[in-house]
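A.B. asks: Pasting upload.pdb below, which is PDB, C-alpha atoms.
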```pdb
ATOM      1  CA  MET X1330       0.626 -46.497 -39.786
ATOM      2  CA  ILE X1331      -2.392 -46.351 -37.513
ATOM      3  CA  GLY X1332      -3.553 -49.835 -36.550
ATOM      4  CA  LEU X1333      -5.974 -51.585 -34.243
ATOM      5  CA  GLY X1334      -3.664 -51.019 -31.265
ATOM      6  CA  HIS X1335      -3.867 -47.241 -31.577
ATOM      7  CA  PHE X1336      -7.649 -47.219 -31.403
ATOM      8  CA  LEU X1337      -7.642 -49.740 -28.532
ATOM      9  CA  THR X1338      -5.214 -47.496 -26.618
ATOM     10  CA  VAL X1339      -7.488 -44.470 -27.014
ATOM     11  CA  SER X1340     -10.413 -46.576 -25.864
ATOM     12  CA  VAL X1341      -8.503 -47.900 -22.813
ATOM     13  CA  LEU X1342      -7.620 -44.349 -21.747
ATOM     14  CA  LEU X1343     -11.212 -43.211 -22.264
ATOM     15  CA  PHE X1344     -12.464 -46.137 -20.175
ATOM     16  CA  ALA X1345     -10.027 -45.348 -17.358
ATOM     17  CA  LEU X1346     -11.098 -41.685 -17.362
ATOM     18  CA  GLY X1347     -14.725 -42.832 -17.149
ATOM     19  CA  VAL X1348     -13.898 -45.061 -14.152
ATOM     20  CA  LEU X1349     -12.082 -42.108 -12.586
ATOM     21  CA  ALA X1350     -15.122 -39.854 -13.098
ATOM     22  CA  ILE X1351     -17.382 -42.403 -11.414
ATOM     23  CA  LEU X1352     -14.966 -42.747  -8.480
ATOM     24  CA  LEU X1353     -14.225 -39.038  -8.038
ATOM     25  CA  LYS X1354     -17.490 -37.242  -8.679
ATOM     26  CA  ARG X1355     -19.818 -36.724  -5.752
ATOM     27  CA  ASN X1356     -22.456 -35.230  -8.056
ATOM     28  CA  ALA X1357     -24.841 -37.865  -9.438
ATOM     29  CA  ILE X1358     -24.824 -36.196 -12.876
ATOM     30  CA  GLY X1359     -21.007 -36.294 -12.875
ATOM     31  CA  VAL X1360     -21.213 -40.033 -12.263
ATOM     32  CA  LEU X1361     -23.587 -40.249 -15.236
ATOM     33  CA  MET X1362     -21.027 -38.467 -17.427
ATOM     34  CA  GLY X1363     -18.481 -41.104 -16.388
ATOM     35  CA  ILE X1364     -20.887 -43.809 -17.524
ATOM     36  CA  GLU X1365     -21.251 -42.068 -20.891
ATOM     37  CA  LEU X1366     -17.439 -42.030 -21.270
ATOM     38  CA  ILE X1367     -17.292 -45.768 -20.580
ATOM     39  CA  LEU X1368     -20.079 -46.511 -23.065
ATOM     40  CA  ASN X1369     -18.224 -44.479 -25.692
ATOM     41  CA  ALA X1370     -15.019 -46.400 -25.037
ATOM     42  CA  ALA X1371     -16.901 -49.652 -25.590
ATOM     43  CA  GLY X1372     -18.467 -48.309 -28.770
ATOM     44  CA  LEU X1373     -15.090 -47.209 -30.113
ATOM     45  CA  ASN X1374     -13.746 -50.729 -29.502
ATOM     46  CA  PHE X1375     -16.627 -52.310 -31.407
ATOM     47  CA  VAL X1376     -16.225 -49.970 -34.387
ATOM     48  CA  ALA X1377     -12.446 -50.471 -34.449
ATOM     49  CA  PHE X1378     -12.809 -54.256 -34.505
ATOM     50  CA  SER X1379     -15.549 -53.961 -37.099
ATOM     51  CA  HIS X1380     -13.211 -51.985 -39.343
ATOM     52  CA  PHE X1381     -10.065 -54.053 -38.876
ATOM     53  CA  LEU X1382     -11.756 -57.471 -39.055
ATOM     54  CA  GLY X1383     -13.671 -56.449 -42.128
ATOM     55  CA  ASN X1384     -17.303 -56.990 -41.142
ATOM     56  CA  LEU X1385     -20.216 -54.780 -40.191
ATOM     57  CA  GLU X1386     -21.508 -56.464 -37.046
ATOM     58  CA  GLY X1387     -19.508 -54.312 -34.626
ATOM     59  CA  GLN X1388     -21.183 -51.222 -36.052
ATOM     60  CA  VAL X1389     -24.642 -52.701 -35.454
ATOM     61  CA  ILE X1390     -23.698 -53.410 -31.819
ATOM     62  CA  THR X1391     -22.445 -49.817 -31.438
ATOM     63  CA  LEU X1392     -25.758 -48.563 -32.793
ATOM     64  CA  PHE X1393     -27.522 -50.564 -30.069
ATOM     65  CA  ILE X1394     -25.082 -49.123 -27.486
ATOM     66  CA  ILE X1395     -25.981 -45.576 -28.547
ATOM     67  CA  ILE X1396     -29.713 -46.337 -28.380
ATOM     68  CA  LEU X1397     -29.459 -47.960 -24.949
ATOM     69  CA  ALA X1398     -27.291 -45.063 -23.727
ATOM     70  CA  ALA X1399     -30.121 -42.705 -24.665
ATOM     71  CA  ALA X1400     -32.633 -44.823 -22.740
ATOM     72  CA  GLU X1401     -30.230 -45.072 -19.801
ATOM     73  CA  ALA X1402     -29.662 -41.310 -19.695
ATOM     74  CA  ALA X1403     -33.416 -40.629 -19.716
ATOM     75  CA  VAL X1404     -34.176 -43.034 -16.866
ATOM     76  CA  ALA X1405     -31.092 -42.116 -14.825
ATOM     77  CA  LEU X1406     -31.864 -38.392 -15.049
ATOM     78  CA  ALA X1407     -35.476 -39.100 -14.068
ATOM     79  CA  ILE X1408     -34.166 -40.899 -10.978
ATOM     80  CA  VAL X1409     -31.804 -37.981 -10.249
ATOM     81  CA  PHE X1410     -34.748 -35.553 -10.444
ATOM     82  CA  SER X1411     -36.774 -37.712  -8.057
ATOM     83  CA  ILE X1412     -33.858 -37.819  -5.631
ATOM     84  CA  TYR X1413     -33.523 -34.056  -5.928
ATOM     85  CA  HIS X1414     -37.205 -33.600  -5.071
ATOM     86  CA  GLY X1415     -36.917 -35.853  -2.048
ATOM     87  CA  PHE X1416     -33.499 -34.932  -0.681
ATOM     88  CA  GLU X1417     -32.840 -31.445  -2.115
ATOM     89  CA  THR X1418     -29.382 -32.648  -3.178
ATOM     90  CA  VAL X1419     -27.779 -34.757  -5.894
ATOM     91  CA  ASN X1420     -24.683 -35.535  -3.863
ATOM     92  CA  VAL X1421     -24.390 -39.311  -3.863
ATOM     93  CA  ASP X1422     -22.764 -39.243  -0.407
ATOM     94  CA  GLN X1423     -25.745 -37.577   1.218
ATOM     95  CA  VAL X1424     -28.319 -39.977  -0.198
ATOM     96  CA  ASP X1425     -27.721 -42.743   2.301
ATOM     97  CA  GLN X1426     -31.151 -43.625   3.681
ATOM     98  CA  LEU X1427     -30.460 -47.340   3.296
ATOM     99  CA  ARG X1428     -27.259 -47.221   5.350
ATOM    100  CA  GLY X1429     -27.692 -49.527   8.348
TER     101      GLY X1429
ATOM    102  CA  MET D1473       1.759 -39.451 -47.841
ATOM    103  CA  GLU D1474      -1.882 -40.333 -47.390
ATOM    104  CA  SER D1475      -1.179 -42.495 -44.363
ATOM    105  CA  THR D1476       0.775 -39.628 -42.778
ATOM    106  CA  SER D1477      -2.179 -37.261 -42.984
ATOM    107  CA  TYR D1478      -4.444 -40.073 -41.721
ATOM    108  CA  ALA D1479      -2.119 -40.460 -38.716
ATOM    109  CA  LEU D1480      -2.108 -36.707 -38.096
ATOM    110  CA  VAL D1481      -5.901 -36.538 -38.148
ATOM    111  CA  PHE D1482      -6.073 -39.588 -35.877
ATOM    112  CA  TYR D1483      -3.722 -38.077 -33.301
ATOM    113  CA  GLY D1484      -5.511 -34.741 -33.458
ATOM    114  CA  PHE D1485      -8.979 -36.114 -32.802
ATOM    115  CA  SER D1486      -7.713 -38.625 -30.201
ATOM    116  CA  ALA D1487      -5.975 -35.820 -28.334
ATOM    117  CA  LEU D1488      -9.143 -33.723 -28.517
ATOM    118  CA  ALA D1489     -11.307 -36.556 -27.169
ATOM    119  CA  LEU D1490      -8.908 -37.549 -24.385
ATOM    120  CA  ALA D1491      -8.046 -33.990 -23.281
ATOM    121  CA  ALA D1492     -11.733 -33.102 -23.154
ATOM    122  CA  ALA D1493     -12.433 -36.321 -21.214
ATOM    123  CA  ALA D1494      -9.774 -35.278 -18.708
ATOM    124  CA  VAL D1495     -11.543 -31.924 -18.352
ATOM    125  CA  VAL D1496     -14.830 -33.807 -17.777
ATOM    126  CA  VAL D1497     -13.184 -35.669 -14.919
ATOM    127  CA  PHE D1498     -11.146 -32.904 -13.291
ATOM    128  CA  ALA D1499     -13.211 -29.729 -13.841
ATOM    129  CA  ARG D1500     -14.385 -28.240 -10.551
ATOM    130  CA  ASN D1501     -17.521 -26.854 -12.157
ATOM    131  CA  ILE D1502     -20.082 -29.414 -13.326
ATOM    132  CA  LEU D1503     -21.185 -27.112 -16.176
ATOM    133  CA  TYR D1504     -17.630 -27.138 -17.607
ATOM    134  CA  SER D1505     -17.701 -30.936 -17.406
ATOM    135  CA  ALA D1506     -20.886 -31.021 -19.448
ATOM    136  CA  PHE D1507     -19.435 -28.796 -22.175
ATOM    137  CA  ALA D1508     -16.160 -30.743 -22.225
ATOM    138  CA  LEU D1509     -18.228 -33.899 -22.741
ATOM    139  CA  LEU D1510     -19.430 -32.284 -25.988
ATOM    140  CA  ALA D1511     -15.840 -32.118 -27.288
ATOM    141  CA  THR D1512     -15.186 -35.723 -26.243
ATOM    142  CA  LEU D1513     -18.289 -37.001 -28.031
ATOM    143  CA  PHE D1514     -17.361 -34.987 -31.122
ATOM    144  CA  GLY D1515     -13.848 -36.469 -31.137
ATOM    145  CA  ILE D1516     -15.278 -39.986 -30.878
ATOM    146  CA  ALA D1517     -17.632 -39.238 -33.780
ATOM    147  CA  ALA D1518     -14.629 -38.160 -35.853
ATOM    148  CA  LEU D1519     -12.816 -41.403 -34.969
ATOM    149  CA  TYR D1520     -15.925 -43.355 -36.085
ATOM    150  CA  ALA D1521     -15.748 -41.537 -39.417
ATOM    151  CA  MET D1522     -12.042 -42.398 -39.710
ATOM    152  CA  LEU D1523     -12.946 -46.058 -39.225
ATOM    153  CA  GLY D1524     -15.344 -45.929 -42.149
ATOM    154  CA  ALA D1525     -18.472 -45.838 -39.987
ATOM    155  CA  ASP D1526     -20.177 -42.884 -41.645
ATOM    156  CA  PHE D1527     -23.708 -43.618 -40.422
ATOM    157  CA  LEU D1528     -22.499 -44.160 -36.847
ATOM    158  CA  ALA D1529     -20.583 -40.873 -36.873
ATOM    159  CA  ALA D1530     -23.785 -39.066 -37.838
ATOM    160  CA  ALA D1531     -25.819 -41.028 -35.284
ATOM    161  CA  GLN D1532     -23.266 -40.161 -32.599
ATOM    162  CA  LEU D1533     -23.607 -36.454 -33.406
ATOM    163  CA  VAL D1534     -27.400 -36.516 -33.569
ATOM    164  CA  ILE D1535     -28.210 -38.813 -30.641
ATOM    165  CA  TYR D1536     -25.340 -38.159 -28.246
ATOM    166  CA  ILE D1537     -24.683 -34.462 -28.742
ATOM    167  CA  GLY D1538     -28.195 -33.496 -29.822
ATOM    168  CA  GLY D1539     -30.015 -35.713 -27.352
ATOM    169  CA  ILE D1540     -28.130 -37.121 -24.424
ATOM    170  CA  LEU D1541     -25.890 -34.108 -23.863
ATOM    171  CA  VAL D1542     -28.817 -31.684 -23.941
ATOM    172  CA  LEU D1543     -30.591 -33.938 -21.454
ATOM    173  CA  ILE D1544     -27.534 -33.885 -19.184
ATOM    174  CA  LEU D1545     -27.324 -30.092 -19.433
ATOM    175  CA  PHE D1546     -30.997 -29.876 -18.442
ATOM    176  CA  GLY D1547     -30.183 -32.143 -15.539
ATOM    177  CA  VAL D1548     -27.277 -29.960 -14.421
ATOM    178  CA  LEU D1549     -29.255 -26.733 -14.643
ATOM    179  CA  LEU D1550     -32.376 -28.097 -12.967
ATOM    180  CA  THR D1551     -30.666 -29.741 -10.020
ATOM    181  CA  GLN D1552     -28.058 -27.132  -9.086
ATOM    182  CA  ARG D1553     -28.948 -23.944  -7.335
ATOM    183  CA  VAL D1554     -27.776 -21.346  -9.790
ATOM    184  CA  ALA D1555     -25.567 -19.641  -7.180
ATOM    185  CA  HIS D1556     -22.045 -20.359  -8.318
ATOM    186  CA  LEU D1557     -21.040 -22.069  -5.112
ATOM    187  CA  HIS D1558     -23.377 -24.988  -5.663
ATOM    188  CA  LEU D1559     -22.174 -25.749  -9.180
ATOM    189  CA  ARG D1560     -18.843 -26.764  -7.661
ATOM    190  CA  VAL D1561     -18.122 -30.430  -7.404
ATOM    191  CA  THR D1562     -16.303 -31.726  -4.390
ATOM    192  CA  THR D1563     -14.110 -34.784  -4.614
ATOM    193  CA  ARG D1564     -13.021 -37.108  -1.885
ATOM    194  CA  GLN D1565     -10.303 -39.739  -1.766
ATOM    195  CA  ALA D1566      -8.788 -38.471  -5.003
ATOM    196  CA  LEU D1567      -5.519 -40.358  -4.628
ATOM    197  CA  PRO D1568      -6.934 -43.900  -4.206
ATOM    198  CA  ALA D1569      -9.297 -43.227  -7.119
ATOM    199  CA  LEU D1570      -6.399 -42.078  -9.328
ATOM    200  CA  VAL D1571      -4.356 -45.150  -8.435
ATOM    201  CA  ALA D1572      -7.308 -47.478  -9.095
ATOM    202  CA  ALA D1573      -8.070 -45.904 -12.471
ATOM    203  CA  ALA D1574      -4.396 -45.997 -13.504
ATOM    204  CA  LEU D1575      -4.237 -49.688 -12.569
ATOM    205  CA  VAL D1576      -7.376 -50.404 -14.607
ATOM    206  CA  ALA D1577      -5.838 -48.614 -17.590
ATOM    207  CA  LEU D1578      -2.521 -50.440 -17.254
ATOM    208  CA  VAL D1579      -4.058 -53.914 -16.931
ATOM    209  CA  LEU D1580      -6.443 -53.317 -19.839
ATOM    210  CA  TRP D1581      -3.702 -51.895 -22.034
ATOM    211  CA  VAL D1582      -1.305 -54.790 -21.402
ATOM    212  CA  ALA D1583      -4.055 -57.363 -21.872
ATOM    213  CA  LEU D1584      -5.710 -55.799 -24.932
ATOM    214  CA  VAL D1585      -2.908 -54.122 -26.827
ATOM    215  CA  GLN D1586       0.271 -55.960 -25.838
ATOM    216  CA  ARG D1587      -0.763 -59.549 -25.150
ATOM    217  CA  ALA D1588      -3.972 -60.368 -27.014
ATOM    218  CA  PRO D1589      -3.351 -62.356 -30.221
ATOM    219  CA  TRP D1590      -5.696 -60.490 -32.544
ATOM    220  CA  PRO D1591      -6.007 -61.950 -36.027
ATOM    221  CA  ALA D1592      -4.152 -60.092 -38.746
ATOM    222  CA  PRO D1593      -6.174 -57.014 -39.695
ATOM    223  CA  THR D1594      -8.005 -57.040 -43.001
ATOM    224  CA  PRO D1595      -9.363 -53.503 -43.164
ATOM    225  CA  ARG D1596     -12.745 -53.090 -44.751
ATOM    226  CA  PRO D1597     -12.728 -50.784 -47.749
ATOM    227  CA  MET D1598     -14.119 -47.321 -47.048
ATOM    228  CA  GLU D1599     -17.590 -47.440 -48.513
ATOM    229  CA  PRO D1600     -21.039 -46.208 -47.440
ATOM    230  CA  THR D1601     -22.467 -48.345 -44.649
ATOM    231  CA  THR D1602     -26.008 -47.073 -44.331
ATOM    232  CA  ALA D1603     -27.661 -49.540 -46.705
ATOM    233  CA  ALA D1604     -25.752 -52.500 -45.309
ATOM    234  CA  LEU D1605     -26.586 -51.448 -41.730
ATOM    235  CA  GLY D1606     -30.268 -51.185 -42.614
ATOM    236  CA  GLU D1607     -30.274 -54.644 -44.133
ATOM    237  CA  ALA D1608     -28.461 -56.056 -41.083
ATOM    238  CA  LEU D1609     -30.962 -54.415 -38.715
ATOM    239  CA  LEU D1610     -33.978 -55.809 -40.545
ATOM    240  CA  GLY D1611     -32.369 -59.183 -41.265
ATOM    241  CA  LYS D1612     -29.861 -60.816 -38.992
ATOM    242  CA  PHE D1613     -30.453 -58.411 -36.093
ATOM    243  CA  LEU D1614     -34.264 -58.144 -36.348
ATOM    244  CA  LEU D1615     -34.961 -59.568 -32.874
ATOM    245  CA  PRO D1616     -32.496 -57.301 -30.989
ATOM    246  CA  PHE D1617     -33.841 -54.376 -33.023
ATOM    247  CA  GLU D1618     -37.405 -55.039 -31.867
ATOM    248  CA  VAL D1619     -36.314 -55.679 -28.277
ATOM    249  CA  VAL D1620     -34.448 -52.371 -28.251
ATOM    250  CA  SER D1621     -37.560 -50.577 -29.544
ATOM    251  CA  ILE D1622     -39.573 -51.990 -26.636
ATOM    252  CA  ALA D1623     -36.780 -51.080 -24.202
ATOM    253  CA  LEU D1624     -36.847 -47.490 -25.496
ATOM    254  CA  LEU D1625     -40.628 -47.301 -25.089
ATOM    255  CA  ALA D1626     -40.378 -48.715 -21.565
ATOM    256  CA  ALA D1627     -37.624 -46.215 -20.694
ATOM    257  CA  LEU D1628     -39.760 -43.357 -22.049
ATOM    258  CA  VAL D1629     -42.796 -44.354 -19.999
ATOM    259  CA  GLY D1630     -40.635 -45.042 -16.953
ATOM    260  CA  ALA D1631     -38.910 -41.661 -17.147
ATOM    261  CA  VAL D1632     -42.242 -39.840 -17.383
ATOM    262  CA  TYR D1633     -43.591 -41.828 -14.447
ATOM    263  CA  LEU D1634     -40.519 -41.156 -12.296
ATOM    264  CA  THR D1635     -40.420 -37.388 -12.862
ATOM    265  CA  ARG D1636     -44.107 -36.564 -12.436
ATOM    266  CA  ALA D1637     -44.851 -34.516  -9.344
ATOM    267  CA  PRO D1638     -45.542 -36.679  -6.291
ATOM    268  CA  GLU D1639     -49.238 -36.762  -5.373
ATOM    269  CA  ARG D1640     -50.132 -34.718  -2.362
ATOM    270  CA  ASP D1641     -51.711 -36.508   0.601
ATOM    271  CA  ARG D1642     -55.308 -35.592   0.949
TER     272      ARG D1642
END
```
Transcribe the structure of this file into structure tokens.
C.D. replies:
Amino acid sequence: MIGLGHFLTVSVLLFALGVLAILLKRNAIGVLMGIELILNAAGLNFVAFSHFLGNLEGQVITLFIIILAAAEAAVALAIVFSIYHGFETVNVDQVDQLRG
Amino acid sequence: MESTSYALVFYGFSALALAAAAVVVFARNILYSAFALLATLFGIAALYAMLGADFLAAAQLVIYIGGILVLILFGVLLTQRVAHLHLRVTTRQALPALVAAALVALVLWVALVQRAPWPAPTPRPMEPTTAALGEALLGKFLLPFEVVSIALLAALVGAVYLTRAPERDR
């Protein structure tokens, strides 16, 4: 029988893979994909709790997560494009103008 | 019988989502990562549907795959030189990152799945959620709904401002 624990396990693994993407990727867009994985893990948690605790509020929160993820992706990609114009690279290691 | 097929579908879509997420992380080519993200998002949408969240599953497909993923693909194609060499992603310090992520997973799993005293589950019956979600958005959650609309507008204007061509010095 599939219970809350199964969905939480999937979400934990998804979260860890998102953290790994953020740590490993040198490409700014790869880091962004890691953030999307983490947001999805959070959303899956909310929907799972919403289902197993028998109310709808988790689903509303997940809807807000999806909307804010869209806004985040738009602004983050705009920043990546600006960085690309200025530095000719999207490698997060090479964008280190503020390093002292 | 019905719970067996439910379990099979659950394991299938979970495996799809997690395997594709692993490809997102480990693919050497950023374009492969972007397409693997599609499979991950689709698997998550299927899990939403299995949890009785029909509207959210559709929203996930429309907004994530139709919107965010296309945006990310645009980002990949516009910022990489198309020569194959530059699509490659280099990684550094892979081992410490792997250890850190595995530790995060272990701690979260023990804390969330093994230890946490969740109340006994009382699954909601599988019924359409769209009407109830609409009433929640325009009732109990009216203020967050309006705030999120303003945040979206601000993000739209901000993104346009950030990407416009820099003005040349006269």
A.B. asks: Please return, as a ChimeraX atom specification, all polymer residues that have at least one atom within 7 Å of the point (-28.7, -52.0, -35.3); use only C-alpha atoms and the file's own coordinate frame.
C.D. replies: /X:1389-1390,1392-1393 /D:1605,1609,1613,1617
A.B. asks: Any idea what the distance is between atom CA of X:Ile1412 and atom CA of X:Ala1350?
C.D. replies: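 Atom-to-atom, atom CA of X:Ile1412 to atom CA of X:Ala1350, that is 20.3 Å.
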A.B. asks: Env of stretch 1536-1553 of chain D: 10 Å cut, atoms = all atoms listed in the file, seq-sep filter 2 positions within chain, self excluded. Answer as a ChimeraX atom specification.
C.D. replies: /X:1356-1359,1361-1362,1365,1369,1395-1396,1398-1403,1405-1407,1409-1410,1412-1414,1417-1419 /D:1502-1503,1505-1507,1509-1514,1517,1530-1534,1555-1560
A.B. asks: For the residues selected in the previous step, produce a file with C-alpha atoms as an mmCIF file, keeping the file's coordinate frame.
C.D. replies:
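Just written: out25.cif:
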```cif
data_model
loop_
_atom_site.group_PDB
_atom_site.id
_atom_site.type_symbol
_atom_site.label_atom_id
_atom_site.label_comp_id
_atom_site.auth_asym_id
_atom_site.auth_seq_id
_atom_site.Cartn_x
_atom_site.Cartn_y
_atom_site.Cartn_z
ATOM 1 C CA ASN X 1356 -22.456 -35.230 -8.056
ATOM 2 C CA ALA X 1357 -24.841 -37.865 -9.438
ATOM 3 C CA ILE X 1358 -24.824 -36.196 -12.876
ATOM 4 C CA GLY X 1359 -21.007 -36.294 -12.875
ATOM 5 C CA LEU X 1361 -23.587 -40.249 -15.236
ATOM 6 C CA MET X 1362 -21.027 -38.467 -17.427
ATOM 7 C CA GLU X 1365 -21.251 -42.068 -20.891
ATOM 8 C CA ASN X 1369 -18.224 -44.479 -25.692
ATOM 9 C CA ILE X 1395 -25.981 -45.576 -28.547
ATOM 10 C CA ILE X 1396 -29.713 -46.337 -28.380
ATOM 11 C CA ALA X 1398 -27.291 -45.063 -23.727
ATOM 12 C CA ALA X 1399 -30.121 -42.705 -24.665
ATOM 13 C CA ALA X 1400 -32.633 -44.823 -22.740
ATOM 14 C CA GLU X 1401 -30.230 -45.072 -19.801
ATOM 15 C CA ALA X 1402 -29.662 -41.310 -19.695
ATOM 16 C CA ALA X 1403 -33.416 -40.629 -19.716
ATOM 17 C CA ALA X 1405 -31.092 -42.116 -14.825
ATOM 18 C CA LEU X 1406 -31.864 -38.392 -15.049
ATOM 19 C CA ALA X 1407 -35.476 -39.100 -14.068
ATOM 20 C CA VAL X 1409 -31.804 -37.981 -10.249
ATOM 21 C CA PHE X 1410 -34.748 -35.553 -10.444
ATOM 22 C CA ILE X 1412 -33.858 -37.819 -5.631
ATOM 23 C CA TYR X 1413 -33.523 -34.056 -5.928
ATOM 24 C CA HIS X 1414 -37.205 -33.600 -5.071
ATOM 25 C CA GLU X 1417 -32.840 -31.445 -2.115
ATOM 26 C CA THR X 1418 -29.382 -32.648 -3.178
ATOM 27 C CA VAL X 1419 -27.779 -34.757 -5.894
ATOM 28 C CA ILE D 1502 -20.082 -29.414 -13.326
ATOM 29 C CA LEU D 1503 -21.185 -27.112 -16.176
ATOM 30 C CA SER D 1505 -17.701 -30.936 -17.406
ATOM 31 C CA ALA D 1506 -20.886 -31.021 -19.448
ATOM 32 C CA PHE D 1507 -19.435 -28.796 -22.175
ATOM 33 C CA LEU D 1509 -18.228 -33.899 -22.741
ATOM 34 C CA LEU D 1510 -19.430 -32.284 -25.988
ATOM 35 C CA ALA D 1511 -15.840 -32.118 -27.288
ATOM 36 C CA THR D 1512 -15.186 -35.723 -26.243
ATOM 37 C CA LEU D 1513 -18.289 -37.001 -28.031
ATOM 38 C CA PHE D 1514 -17.361 -34.987 -31.122
ATOM 39 C CA ALA D 1517 -17.632 -39.238 -33.780
ATOM 40 C CA ALA D 1530 -23.785 -39.066 -37.838
ATOM 41 C CA ALA D 1531 -25.819 -41.028 -35.284
ATOM 42 C CA GLN D 1532 -23.266 -40.161 -32.599
ATOM 43 C CA LEU D 1533 -23.607 -36.454 -33.406
ATOM 44 C CA VAL D 1534 -27.400 -36.516 -33.569
ATOM 45 C CA ALA D 1555 -25.567 -19.641 -7.180
ATOM 46 C CA HIS D 1556 -22.045 -20.359 -8.318
ATOM 47 C CA LEU D 1557 -21.040 -22.069 -5.112
ATOM 48 C CA HIS D 1558 -23.377 -24.988 -5.663
ATOM 49 C CA LEU D 1559 -22.174 -25.749 -9.180
ATOM 50 C CA ARG D 1560 -18.843 -26.764 -7.661
#
```
A.B. asks: Skipping near chain neighbours, those fewer than 5 positions away, what residues fall within 10 Å of D:Leu1490 using all atoms listed in the file, listed as a compact mmCIF listing (two decimals) with C-alpha atoms, keeping the file's coordinate frame?
C.D. replies:
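Written out: around_38.txt:
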```
# COMPACT_ATOMS: atom_id res chain seq x y z
CA VAL X 1339 -7.49 -44.47 -27.01
CA SER X 1340 -10.41 -46.58 -25.86
CA LEU X 1342 -7.62 -44.35 -21.75
CA LEU X 1343 -11.21 -43.21 -22.26
CA LEU X 1346 -11.10 -41.68 -17.36
CA PHE D 1485 -8.98 -36.11 -32.80
CA VAL D 1495 -11.54 -31.92 -18.35
CA VAL D 1496 -14.83 -33.81 -17.78
CA ALA D 1511 -15.84 -32.12 -27.29
CA THR D 1512 -15.19 -35.72 -26.24
CA GLY D 1515 -13.85 -36.47 -31.14
CA ILE D 1516 -15.28 -39.99 -30.88
```
A.B. asks: I need the residue set behind the PyMOL selection byres ((chain X and resi 1337) around 8) for this file; please write it as a VMD selection string.
C.D. replies: (chain X and resid 1333 to 1336 1338 to 1341 1374 1377) or (chain D and resid 1581 1584 to 1585)
A.B. asks: What is the atom CA of X:Gly1372-atom CA of D:Leu1523 distance in Å, reported with one decimal?
C.D. replies: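 Value for the atom CA of X:Gly1372-atom CA of D:Leu1523 distance: 12.0 Å.
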A.B. asks: Save stretch 1376-1423 of chain X of the structure in the block above to a file, with C-alpha atoms included, as a PDB file, in the first residue's frame.
C.D. replies:
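Here's the written file part.pdb:
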```pdb
ATOM      1  CA  VAL X1376       0.267  17.873  -2.375  1.00  0.00           C
ATOM      2  CA  ALA X1377       1.051  14.620  -0.548  1.00  0.00           C
ATOM      3  CA  PHE X1378       0.182  16.142   2.826  1.00  0.00           C
ATOM      4  CA  SER X1379      -2.906  17.731   1.321  1.00  0.00           C
ATOM      5  CA  HIS X1380      -4.076  14.324   0.126  1.00  0.00           C
ATOM      6  CA  PHE X1381      -3.246  12.300   3.226  1.00  0.00           C
ATOM      7  CA  LEU X1382      -4.493  14.860   5.767  1.00  0.00           C
ATOM      8  CA  GLY X1383      -7.691  15.330   3.842  1.00  0.00           C
ATOM      9  CA  ASN X1384      -7.763  19.063   3.121  1.00  0.00           C
ATOM     10  CA  LEU X1385      -7.160  21.258   0.105  1.00  0.00           C
ATOM     11  CA  GLU X1386      -4.819  23.902   1.492  1.00  0.00           C
ATOM     12  CA  GLY X1387      -1.611  22.142   0.443  1.00  0.00           C
ATOM     13  CA  GLN X1388      -2.789  22.229  -3.161  1.00  0.00           C
ATOM     14  CA  VAL X1389      -3.365  25.990  -2.985  1.00  0.00           C
ATOM     15  CA  ILE X1390       0.184  26.461  -1.649  1.00  0.00           C
ATOM     16  CA  THR X1391       1.547  24.299  -4.493  1.00  0.00           C
ATOM     17  CA  LEU X1392      -0.323  26.466  -6.981  1.00  0.00           C
ATOM     18  CA  PHE X1393       1.440  29.510  -5.510  1.00  0.00           C
ATOM     19  CA  ILE X1394       4.776  27.631  -5.725  1.00  0.00           C
ATOM     20  CA  ILE X1395       4.225  26.984  -9.439  1.00  0.00           C
ATOM     21  CA  ILE X1396       3.309  30.631 -10.068  1.00  0.00           C
ATOM     22  CA  LEU X1397       6.318  31.953  -8.152  1.00  0.00           C
ATOM     23  CA  ALA X1398       8.573  29.444  -9.943  1.00  0.00           C
ATOM     24  CA  ALA X1399       7.431  30.949 -13.240  1.00  0.00           C
ATOM     25  CA  ALA X1400       8.227  34.463 -12.006  1.00  0.00           C
ATOM     26  CA  GLU X1401      11.568  33.267 -10.633  1.00  0.00           C
ATOM     27  CA  ALA X1402      12.532  31.583 -13.907  1.00  0.00           C
ATOM     28  CA  ALA X1403      11.708  34.731 -15.899  1.00  0.00           C
ATOM     29  CA  VAL X1404      13.763  37.040 -13.680  1.00  0.00           C
ATOM     30  CA  ALA X1405      16.644  34.587 -13.226  1.00  0.00           C
ATOM     31  CA  LEU X1406      16.954  34.021 -16.981  1.00  0.00           C
ATOM     32  CA  ALA X1407      16.851  37.788 -17.539  1.00  0.00           C
ATOM     33  CA  ILE X1408      19.766  38.115 -15.111  1.00  0.00           C
ATOM     34  CA  VAL X1409      21.605  35.276 -16.896  1.00  0.00           C
ATOM     35  CA  PHE X1410      21.153  37.086 -20.231  1.00  0.00           C
ATOM     36  CA  SER X1411      22.500  40.314 -18.740  1.00  0.00           C
ATOM     37  CA  ILE X1412      25.510  38.457 -17.361  1.00  0.00           C
ATOM     38  CA  TYR X1413      26.032  36.861 -20.758  1.00  0.00           C
ATOM     39  CA  HIS X1414      26.018  40.280 -22.433  1.00  0.00           C
ATOM     40  CA  GLY X1415      28.527  41.651 -19.960  1.00  0.00           C
ATOM     41  CA  PHE X1416      30.852  38.696 -19.450  1.00  0.00           C
ATOM     42  CA  GLU X1417      30.323  36.556 -22.579  1.00  0.00           C
ATOM     43  CA  THR X1418      29.944  33.515 -20.311  1.00  0.00           C
ATOM     44  CA  VAL X1419      27.359  31.935 -18.027  1.00  0.00           C
ATOM     45  CA  ASN X1420      29.909  30.014 -15.996  1.00  0.00           C
ATOM     46  CA  VAL X1421      29.257  30.959 -12.388  1.00  0.00           C
ATOM     47  CA  ASP X1422      32.956  30.514 -11.543  1.00  0.00           C
ATOM     48  CA  GLN X1423      34.076  33.147 -14.015  1.00  0.00           C
TER      49      GLN X1423
END
```
